[in-house]
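Enquirer: Supplied structure: my_file10.cif, mmCIF, C-alpha atoms.
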```
data_protein
loop_
_atom_site.group_PDB
_atom_site.id
_atom_site.type_symbol
_atom_site.label_atom_id
_atom_site.label_comp_id
_atom_site.auth_asym_id
_atom_site.auth_seq_id
_atom_site.Cartn_x
_atom_site.Cartn_y
_atom_site.Cartn_z
ATOM 1 C CA MET J 127 0.000 0.000 0.000
ATOM 2 C CA GLY J 128 1.935 2.946 -1.273
ATOM 3 C CA ALA J 129 1.257 6.501 -0.282
ATOM 4 C CA MET J 130 0.040 8.903 -2.907
ATOM 5 C CA SER J 131 2.842 10.912 -4.456
ATOM 6 C CA LYS J 132 2.930 14.585 -3.581
ATOM 7 C CA GLN J 133 4.798 15.333 -6.789
ATOM 8 C CA PRO J 134 2.608 16.993 -9.394
ATOM 9 C CA GLY J 135 2.013 14.967 -12.522
ATOM 10 C CA PRO J 136 2.636 16.249 -16.021
ATOM 11 C CA LEU J 137 0.513 19.227 -16.945
ATOM 12 C CA ARG J 138 -2.156 18.679 -19.551
ATOM 13 C CA GLU J 139 -3.717 21.146 -21.922
ATOM 14 C CA ALA J 140 -6.992 22.587 -20.777
ATOM 15 C CA PRO J 141 -9.953 21.114 -22.657
ATOM 16 C CA GLU J 142 -11.926 23.276 -25.042
ATOM 17 C CA PRO J 143 -14.909 24.916 -23.355
ATOM 18 C CA LEU J 144 -18.256 23.288 -24.014
ATOM 19 C CA GLU J 145 -20.586 25.210 -26.260
ATOM 20 C CA ALA J 146 -24.057 25.730 -24.819
ATOM 21 C CA ASP J 147 -27.099 27.618 -25.982
ATOM 22 C CA ASP J 148 -26.844 30.381 -23.389
ATOM 23 C CA VAL J 149 -29.760 32.322 -24.842
ATOM 24 C CA MET J 150 -32.095 29.333 -24.499
ATOM 25 C CA THR J 151 -30.872 28.588 -20.976
ATOM 26 C CA VAL J 152 -31.479 32.147 -19.774
ATOM 27 C CA THR J 153 -34.814 32.324 -21.611
ATOM 28 C CA VAL J 154 -36.092 29.160 -19.933
ATOM 29 C CA GLY J 155 -34.881 30.351 -16.529
ATOM 30 C CA THR J 156 -36.578 33.720 -16.982
ATOM 31 C CA ILE J 157 -39.836 32.057 -18.002
ATOM 32 C CA VAL J 158 -39.705 29.793 -14.948
ATOM 33 C CA TRP J 159 -39.142 32.741 -12.576
ATOM 34 C CA PHE J 160 -41.977 34.696 -14.213
ATOM 35 C CA ALA J 161 -44.341 31.694 -14.074
ATOM 36 C CA LEU J 162 -43.580 31.232 -10.374
ATOM 37 C CA PHE J 163 -44.302 34.917 -9.807
ATOM 38 C CA VAL J 164 -47.659 34.738 -11.609
ATOM 39 C CA VAL J 165 -48.697 31.477 -9.906
ATOM 40 C CA GLN J 166 -48.035 32.954 -6.450
ATOM 41 C CA LEU J 167 -49.866 36.259 -6.999
ATOM 42 C CA PRO J 168 -53.344 34.916 -6.115
ATOM 43 C CA PHE J 169 -51.946 33.849 -2.743
ATOM 44 C CA TYR J 170 -50.482 37.266 -1.902
ATOM 45 C CA GLY J 171 -52.813 37.676 1.090
ATOM 46 C CA TRP J 172 -51.746 34.368 2.608
ATOM 47 C CA TYR J 173 -48.065 35.141 2.037
ATOM 48 C CA SER J 174 -48.579 38.576 3.588
ATOM 49 C CA ASP J 175 -50.363 37.149 6.642
ATOM 50 C CA HIS J 176 -47.501 34.723 7.247
ATOM 51 C CA GLY J 177 -44.642 37.120 6.468
ATOM 52 C CA HIS J 178 -43.581 35.370 3.276
ATOM 53 C CA THR J 179 -44.191 38.005 0.591
ATOM 54 C CA TRP J 180 -40.483 37.858 -0.143
ATOM 55 C CA PHE J 181 -41.200 34.575 -1.993
ATOM 56 C CA ILE J 182 -43.230 36.485 -4.556
ATOM 57 C CA TRP J 183 -40.759 39.355 -4.874
ATOM 58 C CA THR J 184 -37.843 36.951 -5.221
ATOM 59 C CA CYS J 185 -39.564 35.438 -8.256
ATOM 60 C CA ALA J 186 -40.216 38.909 -9.674
ATOM 61 C CA ALA J 187 -36.561 39.824 -9.176
ATOM 62 C CA GLY J 188 -35.489 36.566 -10.837
ATOM 63 C CA ALA J 189 -37.652 37.346 -13.861
ATOM 64 C CA GLY J 190 -36.382 40.928 -14.045
ATOM 65 C CA LEU J 191 -32.751 39.914 -13.744
ATOM 66 C CA GLY J 192 -33.409 37.203 -16.304
ATOM 67 C CA LEU J 193 -34.453 39.880 -18.784
ATOM 68 C CA VAL J 194 -31.190 41.733 -18.117
ATOM 69 C CA GLY J 195 -29.304 38.461 -18.546
ATOM 70 C CA LEU J 196 -31.143 37.740 -21.769
ATOM 71 C CA LYS J 197 -30.020 41.052 -23.204
ATOM 72 C CA TYR J 198 -26.440 40.267 -22.136
ATOM 73 C CA VAL J 199 -26.295 36.738 -23.585
ATOM 74 C CA ARG J 200 -27.832 37.873 -26.872
ATOM 75 C CA ALA J 201 -25.225 40.625 -27.195
ATOM 76 C CA ARG J 202 -22.496 38.104 -26.308
ATOM 77 C CA ARG J 203 -23.787 35.590 -28.877
ATOM 78 C CA ASP J 204 -23.883 38.268 -31.582
ATOM 79 C CA ALA J 205 -20.381 39.501 -30.708
ATOM 80 C CA ILE J 206 -18.987 35.962 -30.907
ATOM 81 C CA ALA J 207 -20.678 35.449 -34.287
ATOM 82 C CA ARG J 208 -19.230 38.738 -35.583
ATOM 83 C CA HIS J 209 -15.772 37.767 -34.352
ATOM 84 C CA ARG J 210 -15.966 34.344 -36.016
ATOM 85 C CA ALA J 211 -17.213 35.888 -39.274
ATOM 86 C CA ALA J 212 -14.399 38.442 -39.237
ATOM 87 C CA ALA J 213 -11.826 35.735 -38.524
ATOM 88 C CA ALA J 214 -13.210 33.559 -41.321
ATOM 89 C CA GLY J 215 -13.279 36.545 -43.685
ATOM 90 C CA ALA J 216 -9.698 37.497 -42.848
ATOM 91 C CA GLY J 217 -8.559 33.918 -43.351
ATOM 92 C CA GLY J 218 -10.418 33.593 -46.660
ATOM 93 C CA GLU J 219 -8.980 36.839 -48.070
ATOM 94 C CA SER J 220 -5.397 35.845 -47.304
ATOM 95 C CA THR J 221 -5.743 32.571 -49.226
ATOM 96 C CA GLN J 222 -7.241 34.362 -52.234
ATOM 97 C CA ASP J 223 -4.298 36.761 -52.432
ATOM 98 C CA ALA J 224 -1.750 33.945 -52.648
#
```
Output the structure of this file as structure tokens.
Expert:
Amino acid sequence: MGAMSKQPGPLREAPEPLEADDVMTVTVGTIVWFALFVVQLPFYGWYSDHGHTWFIWTCAAGAGLGLVGLKYVRARRDAIARHRAAAAGAGGESTQDA
């Protein structure tokens, strides 16, 4: 039964990041927060009587912040697409000149 070595092993290259549909993820999350907000509204009186109105306002905040996040991830997606198109265009022009 040997002890584990404290010497670090050889370093490996970091893996490529996984691509995900960030816009869809944030959209679904925002819809869920908004749906929870709407579903809880009829029970506002009960929540108020028991000191739990923060449940409702947390859902509203989640939906609102989701809208901000949606704007951000759409801008990010578009910027990445522009960058890839510019890189592809720059690469294509250099091969045509040769």
Enquirer: Counting all atoms listed in the file, what is within 10 Å of Arg202 (chain J), bar same-chain residues fewer than 5 positions away, as a list in words?
Expert: Asp148, Val149, Leu196, Lys197, Ala207 and Arg208 of chain J
Enquirer: Given the selection you just returned, output its residues as a file containing C-alpha atoms, formatted as a PDB file, in the coordinates of the input.
Expert:
```pdb
ATOM      1  CA  ASP J 148     -26.844  30.381 -23.389  1.00  0.00           C
ATOM      2  CA  VAL J 149     -29.760  32.322 -24.842  1.00  0.00           C
ATOM      3  CA  LEU J 196     -31.143  37.740 -21.769  1.00  0.00           C
ATOM      4  CA  LYS J 197     -30.020  41.052 -23.204  1.00  0.00           C
ATOM      5  CA  ALA J 207     -20.678  35.449 -34.287  1.00  0.00           C
ATOM      6  CA  ARG J 208     -19.230  38.738 -35.583  1.00  0.00           C
TER       7      ARG J 208
END
```
Enquirer: Can you tell me how far CA of Val165 (chain J) sits from CA of Gly188 (chain J), in Å to one decimal?
Expert: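 Atom-to-atom, CA of Val165 (chain J) to CA of Gly188 (chain J), that is 14.2 Å.
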Enquirer: On this structure, which residues satisfy the PyMOL selection byres ((chain J and resi 198-200) around 12), written as a list in words?
Expert: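 Matching residues under the PyMOL selection byres ((chain J and resi 198-200) around 12) are Ala146, Asp147, Asp148, Val149, Met150, Thr151, Val152, Thr153, Leu191, Gly192, Leu193, Val194, Gly195, Leu196, Lys197, Ala201, Arg202, Arg203, Asp204, Ala205, Ile206 and Ala207 of chain J.
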Enquirer: Could you list the residues chosen by the PyMOL selection byres ((chain J and resi 159) around 6) in this structure as a ChimeraX atom specification?
Expert: /J:156-158,160-162,185,188-189
Enquirer: Can you tell me which residues surround Gln166 (chain J) at a distance of at most 12 Å, considering only C-alpha atoms, apart from same-chain residues fewer than 3 positions away, and format the answer as a VMD selection string?
Expert: chain J and resid 159 to 163 169 to 174 178 to 186
Enquirer: Find the distance between CA of Ala214 (chain J) and CA of Glu142 (chain J) and write it in Å to one decimal.
Expert: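 It comes out at 19.3 Å.
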Enquirer: Work out how far CA of Pro168 (chain J) is from CA of Val154 (chain J), in Å to one decimal.
Expert: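 Distance reported for this atom pair: 22.8 Å.
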